[in-house]
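Student: Would you mind keeping the following structure in view while I ask a few things?
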Amino acid sequence: MSYYLTTAIFYPTASPALHSLFEAIGADALARYQRLLGNQTRFLTGMDEHSAQVEPLARQHATDPQSLVDKWAANWRAAFDQFEISYDRFIRTTDSDHIEASVEMVRRAQATGDIYKGTYAGWFCPGDNEFKTESQLVDGHCPDHPTLELQWLEEENYFFRLSKYQEALEHLYAENPSFCEPEHFRNEVLAWLREGLRDFSVSRAGISWGIPFPGDPDHRIYVWFDALTNYVTGAGFPRDQDAFAKWWPADVHVIGKNITRFHCLYWPAMLMSAGLPLPRQVFAHGFMTIRGEKMSKTRGNVIRPEDAVALFGVDGVRYVVLRDIPFDRDADITLRGLVRRYNADLANDLGNLVNRTVSMSARYADGALPSVSSAQAPADLELRATAGQAISDYHAAMQRLQFDEALASMMTLAGAGNGYAESQAPWNLKREGETQRVAEVLSVMAETCRLLGHLLAPFTPATAARLAQQLGAPAPYDARGAGGPGLEQLLTWGAGPHGWQTGRAEPLFPRTELPEEAGRLDDTPPEDPMRDTASPGVAT
Ligand SMILES: [Zn+2]
């Protein structure tokens, strides 16, 4: 089976903030999970480089737009690589095949009769490149960019006949509601649909940064036919028909909840106009908030990625954000809360179970353990049943992109493993000379740790590999999670080694502590939001 997933392409900034990494980490966990299942997986992410702010910013930096986005894209790729984001392509909307795809999408809409010239007048927010209706404004500002001045724009534009697709989209949601998940964000989309769809502007005149509009060189393609088209470009459209047939339609577009209108209404209509199949699903995630506000540089309530890495390591950051923020809704986080989570789950429960398992195996059995199939005591079978349940809950949660629930299921098993160790007390058995039972108990603990490592692999890939190494049960897949026998098989009780030879115990997740000055972010009231208007930092 093949599986194609995408993130939104990100609004160009000098480097990614933690909330952009959050989306990429979530999508990466899903991509790795699909590879581990044995599916041929393509994972697309990238940058939306034709934003209206690039040209003025380039002037400010005394450079040209292309050099500016080249530099920024390199920073983003480096950050994504550091965070183990296993993308197959980092697409940039300045890539030549993407320019070709955008032009082709416009041409197809023109051929269908869906593009016409009209006059647009309205308030335009440079933060998200959107015209705002009066009802969307809060105190005369865009609610997402309260520090940016709106511009009243009146211009001749080309429009896309979205209104023509009203019925087709109503039909889509009647037939296939899960086209947009989760339900609470879908309900917003359905409400917009009931209000009636308005045609939207697809070109802008008087700018030079952007893709020339087919048939009218005075215009540039404006946002949607450029940005949204990246998903088909990444699948091979229009040049590589074989690749496109293999990867399209996408299985899921992972996006932020602020851009559902464009992905759940505009994009399917554009694809219908072009005569292309629709993606199977758009999944909108919520935002991490701090002190109740969306994290943004403009608001000054940002956890810098490098500070998070200093506290938790890369894998620790990946874990705590996906464990503490349900992917389908907003969640308020504090650094203290993340530190507590990291220490409780990873340093204590899980880290401790692995550490005691590997060190007792060395101490009591020279690292040589029998196959777990020899362990048939009631407590052994009970833990086996708990593992079976945790694994099936984990799969169910992963299918729904409920990463926090998947990780909670995994921690249930870690907790049960520690409970088992306490109740079986191999240290007492050893003292009493029950050599065979000690080995059985340790093999049950090792098997539990092995399963935990596979459950962790989509989330903390590097540490999962180290865990497997210590157990002497190396995982047979590559650094991107591909090439193994399939997760279903690996997650079967008893699929571990028939004769274990465990390695040397080393802490997987060293305890961390919040330095006093870092805790200030949790306590300081929000800074004056008018102070810094440099970067809106929003994902498109
Ligand atoms: Zn805005």
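Residue numbering restarts at 1 for every chain of the structure tokens, chains are lettered A, B, ... in their displayed order, and ligands are numbered from 1 as they appear.
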If you take only C-alpha atoms and all ligand atoms and a cut-off of 7 Å, which residues of chain A touch ligand 1, and what are their nearest atom pairs and distances in Å to one decimal, in chain and number order, as JSON lines?

Tutor:
{"residue": "A:Cys125", "atom": "CA", "partner": "ligand 1", "partner_atom_place_in_ligand_line": "1 (Zn)", "distance": 4.8}
{"residue": "A:Pro126", "atom": "CA", "partner": "ligand 1", "partner_atom_place_in_ligand_line": "1 (Zn)", "distance": 6.5}
{"residue": "A:Gly127", "atom": "CA", "partner": "ligand 1", "partner_atom_place_in_ligand_line": "1 (Zn)", "distance": 4.5}
{"residue": "A:Asp128", "atom": "CA", "partner": "ligand 1", "partner_atom_place_in_ligand_line": "1 (Zn)", "distance": 4.6}
{"residue": "A:Glu130", "atom": "CA", "partner": "ligand 1", "partner_atom_place_in_ligand_line": "1 (Zn)", "distance": 6.8}
{"residue": "A:Cys142", "atom": "CA", "partner": "ligand 1", "partner_atom_place_in_ligand_line": "1 (Zn)", "distance": 4.7}
{"residue": "A:Pro143", "atom": "CA", "partner": "ligand 1", "partner_atom_place_in_ligand_line": "1 (Zn)", "distance": 6.6}
{"residue": "A:Asp144", "atom": "CA", "partner": "ligand 1", "partner_atom_place_in_ligand_line": "1 (Zn)", "distance": 4.9}
{"residue": "A:His145", "atom": "CA", "partner": "ligand 1", "partner_atom_place_in_ligand_line": "1 (Zn)", "distance": 4.6}

Student: Would you list the contacts of Ala274 of chain A as a VMD selection string, taking every protein, DNA or RNA residue within 12 Å and counting only C-alpha atoms, but skipping same-chain residues closer than 2 positions in sequence?

Tutor: chain A and resid 101 to 115 160 225 229 232 237 to 238 267 to 272 276 to 278

Student: Go ahead and save the picked residues with N, CA and C atoms, as a PDB file, in the first residue's frame.

Tutor:
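Below is the file out.pdb, written as the result:
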ATOM      1  N   ALA A 101       3.265  23.532 -12.276  1.00  0.00           N
ATOM      2  CA  ALA A 101       2.010  22.950 -11.783  1.00  0.00           C
ATOM      3  C   ALA A 101       0.977  24.037 -11.492  1.00  0.00           C
ATOM      4  N   SER A 102       1.397  25.142 -10.898  1.00  0.00           N
ATOM      5  CA  SER A 102       0.467  26.236 -10.587  1.00  0.00           C
ATOM      6  C   SER A 102      -0.148  26.809 -11.844  1.00  0.00           C
ATOM      7  N   VAL A 103       0.715  27.037 -12.828  1.00  0.00           N
ATOM      8  CA  VAL A 103       0.233  27.568 -14.099  1.00  0.00           C
ATOM      9  C   VAL A 103      -0.767  26.592 -14.724  1.00  0.00           C
ATOM     10  N   GLU A 104      -0.469  25.317 -14.644  1.00  0.00           N
ATOM     11  CA  GLU A 104      -1.361  24.309 -15.218  1.00  0.00           C
ATOM     12  C   GLU A 104      -2.712  24.282 -14.489  1.00  0.00           C
ATOM     13  N   MET A 105      -2.693  24.447 -13.173  1.00  0.00           N
ATOM     14  CA  MET A 105      -3.963  24.482 -12.422  1.00  0.00           C
ATOM     15  C   MET A 105      -4.808  25.686 -12.844  1.00  0.00           C
ATOM     16  N   VAL A 106      -4.176  26.839 -13.041  1.00  0.00           N
ATOM     17  CA  VAL A 106      -4.921  28.022 -13.487  1.00  0.00           C
ATOM     18  C   VAL A 106      -5.444  27.789 -14.899  1.00  0.00           C
ATOM     19  N   ARG A 107      -4.601  27.259 -15.767  1.00  0.00           N
ATOM     20  CA  ARG A 107      -5.026  27.002 -17.154  1.00  0.00           C
ATOM     21  C   ARG A 107      -6.235  26.086 -17.199  1.00  0.00           C
ATOM     22  N   ARG A 108      -6.209  25.072 -16.343  1.00  0.00           N
ATOM     23  CA  ARG A 108      -7.348  24.141 -16.352  1.00  0.00           C
ATOM     24  C   ARG A 108      -8.617  24.843 -15.885  1.00  0.00           C
ATOM     25  N   ALA A 109      -8.508  25.678 -14.866  1.00  0.00           N
ATOM     26  CA  ALA A 109      -9.682  26.419 -14.384  1.00  0.00           C
ATOM     27  C   ALA A 109     -10.167  27.387 -15.459  1.00  0.00           C
ATOM     28  N   GLN A 110      -9.222  27.999 -16.174  1.00  0.00           N
ATOM     29  CA  GLN A 110      -9.608  28.886 -17.291  1.00  0.00           C
ATOM     30  C   GLN A 110     -10.364  28.093 -18.346  1.00  0.00           C
ATOM     31  N   ALA A 111      -9.854  26.911 -18.671  1.00  0.00           N
ATOM     32  CA  ALA A 111     -10.478  26.092 -19.711  1.00  0.00           C
ATOM     33  C   ALA A 111     -11.879  25.648 -19.308  1.00  0.00           C
ATOM     34  N   THR A 112     -12.091  25.456 -17.996  1.00  0.00           N
ATOM     35  CA  THR A 112     -13.408  25.046 -17.502  1.00  0.00           C
ATOM     36  C   THR A 112     -14.362  26.241 -17.432  1.00  0.00           C
ATOM     37  N   GLY A 113     -13.826  27.446 -17.656  1.00  0.00           N
ATOM     38  CA  GLY A 113     -14.657  28.650 -17.568  1.00  0.00           C
ATOM     39  C   GLY A 113     -14.839  29.137 -16.139  1.00  0.00           C
ATOM     40  N   ASP A 114     -13.914  28.794 -15.255  1.00  0.00           N
ATOM     41  CA  ASP A 114     -14.060  29.142 -13.838  1.00  0.00           C
ATOM     42  C   ASP A 114     -13.270  30.381 -13.422  1.00  0.00           C
ATOM     43  N   ILE A 115     -12.591  31.019 -14.380  1.00  0.00           N
ATOM     44  CA  ILE A 115     -11.809  32.215 -14.047  1.00  0.00           C
ATOM     45  C   ILE A 115     -12.389  33.410 -14.801  1.00  0.00           C
ATOM     46  N   PHE A 160     -11.901  33.182  -9.077  1.00  0.00           N
ATOM     47  CA  PHE A 160     -12.284  31.787  -9.297  1.00  0.00           C
ATOM     48  C   PHE A 160     -13.740  31.622  -8.872  1.00  0.00           C
ATOM     49  N   PHE A 225      -3.935  29.383  -5.737  1.00  0.00           N
ATOM     50  CA  PHE A 225      -3.545  28.547  -6.876  1.00  0.00           C
ATOM     51  C   PHE A 225      -2.037  28.294  -6.864  1.00  0.00           C
ATOM     52  N   THR A 229      -1.605  24.307  -4.580  1.00  0.00           N
ATOM     53  CA  THR A 229      -1.160  23.430  -5.665  1.00  0.00           C
ATOM     54  C   THR A 229       0.070  22.613  -5.279  1.00  0.00           C
ATOM     55  N   VAL A 232      -0.245  18.780  -5.182  1.00  0.00           N
ATOM     56  CA  VAL A 232      -0.187  17.953  -6.398  1.00  0.00           C
ATOM     57  C   VAL A 232       1.203  18.002  -7.031  1.00  0.00           C
ATOM     58  N   PHE A 237       2.504  16.069 -10.347  1.00  0.00           N
ATOM     59  CA  PHE A 237       1.683  16.801 -11.306  1.00  0.00           C
ATOM     60  C   PHE A 237       2.442  17.997 -11.859  1.00  0.00           C
ATOM     61  N   PRO A 238       2.345  18.344 -13.129  1.00  0.00           N
ATOM     62  CA  PRO A 238       1.669  17.572 -14.179  1.00  0.00           C
ATOM     63  C   PRO A 238       2.625  16.709 -14.989  1.00  0.00           C
ATOM     64  N   TRP A 267      -9.870  24.299  -1.953  1.00  0.00           N
ATOM     65  CA  TRP A 267      -9.016  23.283  -2.590  1.00  0.00           C
ATOM     66  C   TRP A 267      -9.824  22.191  -3.296  1.00  0.00           C
ATOM     67  N   PRO A 268     -10.846  21.589  -2.641  1.00  0.00           N
ATOM     68  CA  PRO A 268     -11.622  20.588  -3.387  1.00  0.00           C
ATOM     69  C   PRO A 268     -12.293  21.182  -4.624  1.00  0.00           C
ATOM     70  N   ALA A 269     -12.754  22.438  -4.547  1.00  0.00           N
ATOM     71  CA  ALA A 269     -13.378  23.054  -5.727  1.00  0.00           C
ATOM     72  C   ALA A 269     -12.344  23.245  -6.838  1.00  0.00           C
ATOM     73  N   MET A 270     -11.134  23.672  -6.461  1.00  0.00           N
ATOM     74  CA  MET A 270     -10.085  23.842  -7.471  1.00  0.00           C
ATOM     75  C   MET A 270      -9.750  22.514  -8.150  1.00  0.00           C
ATOM     76  N   LEU A 271      -9.721  21.448  -7.359  1.00  0.00           N
ATOM     77  CA  LEU A 271      -9.408  20.133  -7.932  1.00  0.00           C
ATOM     78  C   LEU A 271     -10.540  19.659  -8.852  1.00  0.00           C
ATOM     79  N   MET A 272     -11.789  19.895  -8.438  1.00  0.00           N
ATOM     80  CA  MET A 272     -12.917  19.532  -9.297  1.00  0.00           C
ATOM     81  C   MET A 272     -12.824  20.283 -10.617  1.00  0.00           C
ATOM     82  N   LEU A 276      -9.366  16.738 -11.255  1.00  0.00           N
ATOM     83  CA  LEU A 276      -8.477  15.845 -10.495  1.00  0.00           C
ATOM     84  C   LEU A 276      -9.214  15.293  -9.276  1.00  0.00           C
ATOM     85  N   PRO A 277      -8.844  14.077  -8.844  1.00  0.00           N
ATOM     86  CA  PRO A 277      -9.483  13.492  -7.659  1.00  0.00           C
ATOM     87  C   PRO A 277      -9.156  14.292  -6.389  1.00  0.00           C
ATOM     88  N   LEU A 278     -10.043  14.207  -5.413  1.00  0.00           N
ATOM     89  CA  LEU A 278      -9.854  14.930  -4.153  1.00  0.00           C
ATOM     90  C   LEU A 278      -9.009  14.116  -3.182  1.00  0.00           C
TER      91      LEU A 278
END

Student: Using only C-alpha atoms, tabulate the residues of segment 49-118 of chain A lying at most 8 Å from any atom of segment 195-213 of chain A, each with its closest atom pair and that distance in Å to one decimal, by chain and increasing residue number, as a Markdown table.

Tutor:
| residue | atom | partner | partner_atom | distance |
| --- | --- | --- | --- | --- |
| A:His50 | CA | A:Gly210 | CA | 5.3 |
| A:Ala52 | CA | A:Trp209 | CA | 7.9 |
| A:Glu55 | CA | A:Trp209 | CA | 6.6 |
| A:Pro65 | CA | A:Trp209 | CA | 7.4 |
| A:Ile99 | CA | A:Ile211 | CA | 6.6 |
| A:Val103 | CA | A:Phe213 | CA | 7.2 |
| A:Val106 | CA | A:Phe213 | CA | 8.0 |

Student: For the selection you just gave me, I'd like the residues written to a file as an mmCIF file, in the first residue's frame, keeping N, CA, C and O atoms.

Tutor:
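Result saved to result-v4.cif:
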data_model
loop_
_atom_site.group_PDB
_atom_site.id
_atom_site.type_symbol
_atom_site.label_atom_id
_atom_site.label_comp_id
_atom_site.auth_asym_id
_atom_site.auth_seq_id
_atom_site.Cartn_x
_atom_site.Cartn_y
_atom_site.Cartn_z
ATOM 1 N N HIS A 50 5.981 32.809 -1.839
ATOM 2 C CA HIS A 50 5.546 33.997 -2.587
ATOM 3 C C HIS A 50 4.689 34.929 -1.751
ATOM 4 O O HIS A 50 3.830 35.619 -2.263
ATOM 5 N N ALA A 52 3.313 38.054 0.339
ATOM 6 C CA ALA A 52 3.385 39.487 0.028
ATOM 7 C C ALA A 52 4.471 40.197 0.834
ATOM 8 O O ALA A 52 4.950 41.257 0.440
ATOM 9 N N GLU A 55 8.861 40.543 -0.486
ATOM 10 C CA GLU A 55 9.491 41.618 -1.259
ATOM 11 C C GLU A 55 9.900 42.802 -0.358
ATOM 12 O O GLU A 55 11.063 43.216 -0.388
ATOM 13 N N PRO A 65 14.429 39.087 -3.220
ATOM 14 C CA PRO A 65 13.507 38.108 -2.628
ATOM 15 C C PRO A 65 14.026 36.669 -2.709
ATOM 16 O O PRO A 65 13.940 35.915 -1.732
ATOM 17 N N ILE A 99 6.100 25.799 -10.168
ATOM 18 C CA ILE A 99 5.620 26.932 -10.979
ATOM 19 C C ILE A 99 4.821 26.388 -12.168
ATOM 20 O O ILE A 99 3.723 26.853 -12.469
ATOM 21 N N VAL A 103 0.715 27.037 -12.828
ATOM 22 C CA VAL A 103 0.233 27.568 -14.099
ATOM 23 C C VAL A 103 -0.767 26.592 -14.724
ATOM 24 O O VAL A 103 -1.821 26.989 -15.227
ATOM 25 N N VAL A 106 -4.176 26.839 -13.041
ATOM 26 C CA VAL A 106 -4.921 28.022 -13.487
ATOM 27 C C VAL A 106 -5.444 27.789 -14.899
ATOM 28 O O VAL A 106 -6.617 28.063 -15.197
#

Student: Residues near Ile259 of chain A, anyone? I mean within 10 Å using only C-alpha atoms, not counting same-chain ones fewer than 2 positions away, as a ChimeraX atom specification.

Tutor: /A:8,128,255-257,261-264,284,539-540

Student: What does the structure give for the distance between atom CA of His285 of chain A and atom CA of Val254 of chain A, in Å to one decimal?

Tutor: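 Spanning atom CA of His285 of chain A to atom CA of Val254 of chain A is a straight-line distance of 7.3 Å.
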
Student: So, counting only C-alpha atoms, which residue among A:Phe179, A:Ala17, A:Met445, A:Leu322 is closest to Ala250 of chain A?

Tutor: A:Phe179

Student: Find the residues near segment 502-517 of chain A: any atom within 10 Å, counting only C-alpha atoms, skip ones fewer than 3 places away on the same chain, and give them as a tab-separated table (two decimals) with N, CA, C and O atoms, in the first residue's frame.

Tutor:
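Once everything was written out, this is out_29.tsv:
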chain	number	residue	atom	x	y	z
A	310	ALA	N	17.40	22.13	24.71
A	310	ALA	CA	18.33	22.12	25.84
A	310	ALA	C	17.71	21.44	27.06
A	310	ALA	O	18.41	20.76	27.82
A	311	LEU	N	16.42	21.57	27.23
A	311	LEU	CA	15.75	20.96	28.38
A	311	LEU	C	15.49	19.47	28.20
A	311	LEU	O	15.65	18.67	29.13
A	312	PHE	N	15.05	19.09	27.00
A	312	PHE	CA	14.49	17.74	26.81
A	312	PHE	C	15.25	16.89	25.80
A	312	PHE	O	14.95	15.70	25.67
A	313	GLY	N	16.16	17.48	25.03
A	313	GLY	CA	16.71	16.77	23.88
A	313	GLY	C	15.65	16.75	22.78
A	313	GLY	O	14.48	17.02	23.02
A	315	ASP	N	14.34	14.24	21.00
A	315	ASP	CA	13.27	13.25	21.17
A	315	ASP	C	12.34	13.62	22.32
A	315	ASP	O	11.14	13.39	22.25
A	316	GLY	N	12.91	14.20	23.36
A	316	GLY	CA	12.08	14.62	24.49
A	316	GLY	C	11.09	15.70	24.08
A	316	GLY	O	9.93	15.68	24.50
A	335	LEU	N	6.14	25.59	30.52
A	335	LEU	CA	7.41	24.87	30.56
A	335	LEU	C	7.45	23.94	31.77
A	335	LEU	O	7.93	22.81	31.69
A	336	ARG	N	6.90	24.41	32.90
A	336	ARG	CA	6.87	23.55	34.10
A	336	ARG	C	6.10	22.27	33.84
A	336	ARG	O	6.49	21.19	34.24
A	338	LEU	N	5.59	20.81	30.96
A	338	LEU	CA	6.32	19.93	30.05
A	338	LEU	C	7.45	19.21	30.79
A	338	LEU	O	7.72	18.03	30.55
A	339	VAL	N	8.12	19.93	31.71
A	339	VAL	CA	9.19	19.32	32.49
A	339	VAL	C	8.63	18.20	33.37
A	339	VAL	O	9.20	17.10	33.46
A	340	ARG	N	7.49	18.49	34.00
A	340	ARG	CA	6.85	17.45	34.83
A	340	ARG	C	6.51	16.23	33.99
A	340	ARG	O	6.76	15.10	34.38
A	342	TYR	N	7.82	15.23	31.11
A	342	TYR	CA	9.05	14.54	30.66
A	342	TYR	C	9.60	13.67	31.79
A	342	TYR	O	9.91	12.49	31.60
A	343	ASN	N	9.74	14.27	32.97
A	343	ASN	CA	10.33	13.52	34.08
A	343	ASN	C	9.45	12.35	34.50
A	343	ASN	O	9.94	11.25	34.75
A	344	ALA	N	8.13	12.58	34.58
A	344	ALA	CA	7.23	11.53	35.05
A	344	ALA	C	7.17	10.37	34.06
A	344	ALA	O	7.35	9.21	34.42
A	345	ASP	N	6.95	10.69	32.78
A	345	ASP	CA	6.75	9.63	31.79
A	345	ASP	C	8.07	8.99	31.36
A	345	ASP	O	8.23	7.77	31.40
A	346	LEU	N	8.99	9.84	30.91
A	346	LEU	CA	10.17	9.32	30.22
A	346	LEU	C	11.30	9.00	31.19
A	346	LEU	O	11.87	7.90	31.15
A	347	ALA	N	11.67	9.96	32.05
A	347	ALA	CA	12.79	9.70	32.96
A	347	ALA	C	12.38	8.64	33.99
A	347	ALA	O	13.12	7.67	34.22
A	348	ASN	N	11.18	8.78	34.58
A	348	ASN	CA	10.78	7.83	35.63
A	348	ASN	C	10.19	6.54	35.06
A	348	ASN	O	10.87	5.53	35.00
A	350	LEU	N	9.06	5.09	32.05
A	350	LEU	CA	9.58	4.32	30.94
A	350	LEU	C	11.09	4.09	31.07
A	350	LEU	O	11.58	2.96	30.95
A	351	GLY	N	11.82	5.17	31.35
A	351	GLY	CA	13.27	5.07	31.46
A	351	GLY	C	13.67	4.10	32.56
A	351	GLY	O	14.59	3.29	32.40
A	352	ASN	N	12.94	4.18	33.68
A	352	ASN	CA	13.25	3.32	34.81
A	352	ASN	C	13.01	1.85	34.49
A	352	ASN	O	13.80	0.97	34.84
A	354	VAL	N	13.09	0.35	31.57
A	354	VAL	CA	14.13	-0.17	30.67
A	354	VAL	C	15.44	-0.34	31.43
A	354	VAL	O	16.12	-1.37	31.33
A	355	ASN	N	15.76	0.67	32.23
A	355	ASN	CA	17.02	0.63	32.94
A	355	ASN	C	17.10	-0.55	33.91
A	355	ASN	O	18.10	-1.27	33.95
A	356	ARG	N	16.05	-0.77	34.69
A	356	ARG	CA	16.10	-1.87	35.66
A	356	ARG	C	16.08	-3.22	34.94
A	356	ARG	O	16.70	-4.18	35.38
A	357	THR	N	15.37	-3.29	33.82
A	357	THR	CA	15.32	-4.54	33.07
A	357	THR	C	16.71	-4.92	32.55
A	357	THR	O	17.19	-6.05	32.74
A	358	VAL	N	17.36	-3.94	31.90
A	358	VAL	CA	18.65	-4.25	31.28
A	358	VAL	C	19.71	-4.47	32.36
A	358	VAL	O	20.52	-5.41	32.27
A	359	SER	N	19.68	-3.66	33.42
A	359	SER	CA	20.74	-3.84	34.43
A	359	SER	C	20.54	-5.12	35.24
A	359	SER	O	21.51	-5.82	35.55
A	360	MET	N	19.27	-5.50	35.56
A	360	MET	CA	19.07	-6.77	36.29
A	360	MET	C	19.41	-7.97	35.41
A	360	MET	O	19.90	-8.99	35.90
A	361	SER	N	19.13	-7.85	34.10
A	361	SER	CA	19.47	-8.96	33.20
A	361	SER	C	20.97	-9.21	33.23
A	361	SER	O	21.43	-10.36	33.27
A	362	ALA	N	21.73	-8.10	33.23
A	362	ALA	CA	23.18	-8.25	33.27
A	362	ALA	C	23.61	-8.84	34.61
A	362	ALA	O	24.43	-9.76	34.67
A	365	ALA	N	21.58	-12.55	35.19
A	365	ALA	CA	21.56	-13.60	34.17
A	365	ALA	C	22.62	-13.42	33.11
A	365	ALA	O	22.52	-14.03	32.04
A	366	ASP	N	23.60	-12.56	33.39
A	366	ASP	CA	24.65	-12.31	32.40
A	366	ASP	C	24.10	-11.85	31.06
A	366	ASP	O	24.71	-12.08	30.01
A	367	GLY	N	22.91	-11.25	31.09
A	367	GLY	CA	22.31	-10.74	29.86
A	367	GLY	C	21.62	-11.80	29.01
A	367	GLY	O	21.03	-11.49	28.00
A	368	ALA	N	21.68	-13.04	29.43
A	368	ALA	CA	21.10	-14.12	28.61
A	368	ALA	C	19.72	-14.49	29.16
A	368	ALA	O	19.61	-14.96	30.29
A	369	LEU	N	18.69	-14.23	28.37
A	369	LEU	CA	17.32	-14.50	28.81
A	369	LEU	C	16.67	-15.51	27.87
A	369	LEU	O	16.96	-15.52	26.68
A	446	ALA	N	11.73	-7.73	29.50
A	446	ALA	CA	12.44	-7.36	28.26
A	446	ALA	C	11.47	-7.31	27.09
A	446	ALA	O	11.54	-6.40	26.25
A	463	THR	N	15.89	7.53	20.11
A	463	THR	CA	15.91	6.86	21.41
A	463	THR	C	15.33	5.46	21.31
A	463	THR	O	15.80	4.54	22.00
A	464	ALA	N	14.32	5.27	20.47
A	464	ALA	CA	13.76	3.93	20.29
A	464	ALA	C	14.84	2.98	19.78
A	464	ALA	O	14.93	1.82	20.20
A	466	ARG	N	18.07	3.28	20.33
A	466	ARG	CA	19.01	3.02	21.43
A	466	ARG	C	18.42	2.01	22.42
A	466	ARG	O	19.12	1.17	22.98
A	467	LEU	N	17.11	2.13	22.64
A	467	LEU	CA	16.44	1.19	23.53
A	467	LEU	C	16.58	-0.24	23.00
A	467	LEU	O	16.97	-1.17	23.73
A	468	ALA	N	16.31	-0.39	21.70
A	468	ALA	CA	16.40	-1.72	21.09
A	468	ALA	C	17.82	-2.28	21.19
A	468	ALA	O	18.03	-3.46	21.45
A	469	GLN	N	18.80	-1.36	21.03
A	469	GLN	CA	20.20	-1.75	21.14
A	469	GLN	C	20.51	-2.30	22.53
A	469	GLN	O	21.12	-3.36	22.67
A	470	GLN	N	20.07	-1.61	23.56
A	470	GLN	CA	20.33	-2.05	24.94
A	470	GLN	C	19.68	-3.39	25.22
A	470	GLN	O	20.21	-4.22	25.96
A	471	LEU	N	18.51	-3.61	24.62
A	471	LEU	CA	17.82	-4.88	24.84
A	471	LEU	C	18.45	-6.02	24.06
A	471	LEU	O	18.15	-7.19	24.29
A	472	GLY	N	19.28	-5.68	23.09
A	472	GLY	CA	19.82	-6.71	22.22
A	472	GLY	C	18.77	-7.20	21.23
A	472	GLY	O	18.81	-8.33	20.78
A	473	ALA	N	17.81	-6.33	20.93
A	473	ALA	CA	16.77	-6.68	19.95
A	473	ALA	C	16.67	-5.54	18.94
A	473	ALA	O	15.67	-4.84	18.89
A	499	GLY	N	16.48	-16.23	22.09
A	499	GLY	CA	17.43	-16.20	23.18
A	499	GLY	C	17.97	-14.78	23.26
A	499	GLY	O	18.69	-14.34	22.37
A	520	ARG	N	10.33	31.78	34.08
A	520	ARG	CA	9.68	33.09	34.03
A	520	ARG	C	8.61	33.17	32.95
A	520	ARG	O	7.62	33.86	33.10
A	521	LEU	N	8.83	32.45	31.84
A	521	LEU	CA	7.87	32.50	30.74
A	521	LEU	C	6.47	32.09	31.22
A	521	LEU	O	5.47	32.60	30.75

Student: DSSP on the backbone, alpha helix (DSSP H) only: what residues of segment 256-481 of chain A does that give? Format it as a count of residues only.

Tutor: 135

Student: Write out as JSON, numbers by chain each polymer residue whose atoms come within 10 Å of Thr492 of chain A, counting only C-alpha atoms; drop sequence neighbours fewer than 3 positions from it.

Tutor: {"A": [384, 387, 388, 391, 447, 451, 487, 488, 489, 495, 496]}

Student: Hey, can you check how far atom CA of Ala439 of chain A sits from atom CA of Asp380 of chain A?

Tutor: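 Atom-to-atom, atom CA of Ala439 of chain A to atom CA of Asp380 of chain A, that is 12.4 Å.
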
Student: Could you pull out the strand (DSSP E) residues of segment 189-323 of chain A, going by DSSP on the backbone, and write them as a PyMOL selection string?

Tutor: chain A and resi 200-201+203-205+212-213+216-221+252-256+282-285+288-290+293-294

Student: Hey, which of A:Ser51, A:Thr94, A:Gln402, A:Asn187 ends up closest to Asn129 of chain A? Count only C-alpha atoms.

Tutor: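 Counting only C-alpha atoms, the residue closest to Asn129 of chain A is A:Ser51.
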